[in-house]
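Everything below concerns the one structure shown next.
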Amino acid sequence: MIVALIVACEVGFWVLLAGGLALRYLAKLPKASVAVLLCEPLLELVLFVATVIDLKHGAEPDWKHGLAAVYIGFSVALGHQTITWADARVAHRFFGGPPPVKPPKYGMARAAHEWRTALRWMLAAVIALALLQGAIWYVGDDGEIGSLREWQTKMLFAIGINAVIAMSYTLWPKREPDRTRSSLLE
């Protein structure tokens, strides 16, 4: 049941996003669009409640419960950014909006962009870690919590990977190509 609900929440996210953007651009109803997009967090709430109910009724915590916590963490931390990303592209591609702002390619501006991105992913992992820890406390010492601990380890790994990637852009910033040298080679 939990895996089906995770899939339903993911599908629901994209349906709400498409519906919100359709209301904004096709129906010219921006307030209704915002109302629809604000329903997105309800999907995470439904998944959270269903997971708690499943555990309360005696289900042994397993990878599905951990996946639910991870999905909620990532949706909460990255959902707004995904909506903003899609909105900018739909506005530009189909409704004459300005082109989406591209991230910087070089130097410390790129490093700052990478840190902002990494921090969003790290926040997602921290939210997942907190939900997983809450599930561990909820189940107690009597339950089998090994799979939840494994998910916590994976989230710590995700935090580490994002920190390494962002740090690499800080320590070794990508340099803009030398225009004079490249024009001489042509």
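Letters A, B, ... mark the chains of the structure tokens in the order given; residue numbers begin at 1 per chain; ligand numbers begin at 1, in order shown.
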Selection near Ile145 (chain A), 7 Å with only C-alpha atoms, sequence-local residues under 4 positions removed, as a PyMOL selection string: chain A and resi 61+136+149
Please produce a file of those selected residues containing all heavy atoms, as a tab-separated table (two decimals), in the first residue's frame.
```tsv
chain	number	residue	atom	x	y	z
A	61	PRO	N	8.43	-2.06	10.16
A	61	PRO	CA	9.05	-1.05	9.31
A	61	PRO	C	10.01	-1.70	8.32
A	61	PRO	O	10.81	-2.55	8.70
A	61	PRO	CB	9.80	-0.15	10.29
A	61	PRO	CG	9.68	-0.75	11.63
A	61	PRO	CD	8.78	-1.93	11.54
A	136	ILE	N	11.65	5.55	13.96
A	136	ILE	CA	12.41	4.65	14.83
A	136	ILE	C	11.94	4.78	16.28
A	136	ILE	O	11.72	3.80	16.97
A	136	ILE	CB	13.92	4.92	14.69
A	136	ILE	CG1	14.41	4.44	13.32
A	136	ILE	CG2	14.72	4.27	15.82
A	136	ILE	CD1	15.79	4.92	12.93
A	149	ARG	N	17.25	2.41	9.62
A	149	ARG	CA	18.65	2.84	9.84
A	149	ARG	C	19.43	2.84	8.53
A	149	ARG	O	20.27	3.71	8.30
A	149	ARG	CB	19.33	1.92	10.86
A	149	ARG	CG	18.81	2.04	12.26
A	149	ARG	CD	19.45	3.20	12.96
A	149	ARG	NE	19.02	3.21	14.35
A	149	ARG	CZ	18.77	4.30	15.02
A	149	ARG	NH1	18.93	5.48	14.46
A	149	ARG	NH2	18.39	4.25	16.27
```
Got a sec: who's within 12 Å of Val11 (chain A), counting only C-alpha atoms, leaving out chain neighbours fewer than 6 positions off, as a compact mmCIF listing (two decimals) with C-alpha atoms, in the first residue's frame?
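Result written to result-v2.txt:
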```
# COMPACT_ATOMS: atom_id res chain seq x y z
CA ALA A 4 1.35 2.58 -4.36
CA LEU A 5 0.69 5.70 -2.29
CA LEU A 17 1.53 21.11 -11.29
CA ALA A 18 0.00 20.73 -14.77
CA GLU A 40 0.67 19.86 -3.23
CA LEU A 43 -0.06 14.90 -0.77
```
Which of region 99-159 of chain A DSSP labels helix (DSSP H, G or I), written as a ChimeraX atom specification: /A:107-139,146-159
For Gly20 (chain A), work out the shell of residues within 12 Å, counting only C-alpha atoms and skipping chain neighbours fewer than 4 positions away, then give it as a count of residues only. 27
Could you tell me how far CA of Ala158 (chain A) lies from CA of Ala125 (chain A), in Å and to one decimal?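 Computed distance, CA of Ala158 (chain A) to CA of Ala125 (chain A), equals 6.9 Å.
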If we count only C-alpha atoms, what is near Pro41 (chain A) at a cut-off of 10 Å, once residues fewer than 3 positions away on the same chain are taken out, given as a VMD selection string? chain A and resid 9 13 37 to 38 44 to 46 72 75 to 76 79
Output of the above residues as a compact mmCIF listing (two decimals), in the first residue's frame, restricted to N, CA and C atoms:
```txt
# COMPACT_ATOMS: atom_id res chain seq x y z
N CYS A 9 1.30 9.77 -5.03
CA CYS A 9 1.71 11.13 -4.64
C CYS A 9 2.58 11.77 -5.72
N PHE A 13 1.54 14.98 -7.75
CA PHE A 13 2.36 16.19 -7.81
C PHE A 13 2.35 16.77 -9.22
N LEU A 37 -1.76 24.78 -6.61
CA LEU A 37 -0.37 24.45 -6.29
C LEU A 37 -0.14 24.33 -4.78
N LEU A 38 -0.91 25.06 -4.00
CA LEU A 38 -0.79 24.96 -2.54
C LEU A 38 -1.39 23.66 -2.00
N GLU A 44 1.90 15.12 0.64
CA GLU A 44 2.90 14.64 1.59
C GLU A 44 2.26 14.34 2.94
N LEU A 45 1.29 15.17 3.32
CA LEU A 45 0.59 14.94 4.58
C LEU A 45 -0.17 13.61 4.54
N VAL A 46 -0.84 13.34 3.43
CA VAL A 46 -1.57 12.07 3.28
C VAL A 46 -0.60 10.90 3.37
N ILE A 72 8.96 12.24 1.17
CA ILE A 72 8.42 13.43 1.83
C ILE A 72 9.51 14.48 1.98
N SER A 75 10.31 16.00 -1.42
CA SER A 75 9.20 16.82 -1.92
C SER A 75 9.11 18.15 -1.19
N VAL A 76 9.28 18.10 0.12
CA VAL A 76 9.21 19.33 0.91
C VAL A 76 10.34 20.29 0.54
N GLY A 79 10.22 20.64 -3.80
CA GLY A 79 8.97 20.84 -4.51
C GLY A 79 8.80 22.24 -5.05
```
Taking only C-alpha atoms into account, which of A:Met122, A:Gly146, A:Lys102, A:Met1 comes nearest Asp54 (chain A)?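 With only C-alpha atoms as the atom set, the closest residue is A:Met1.
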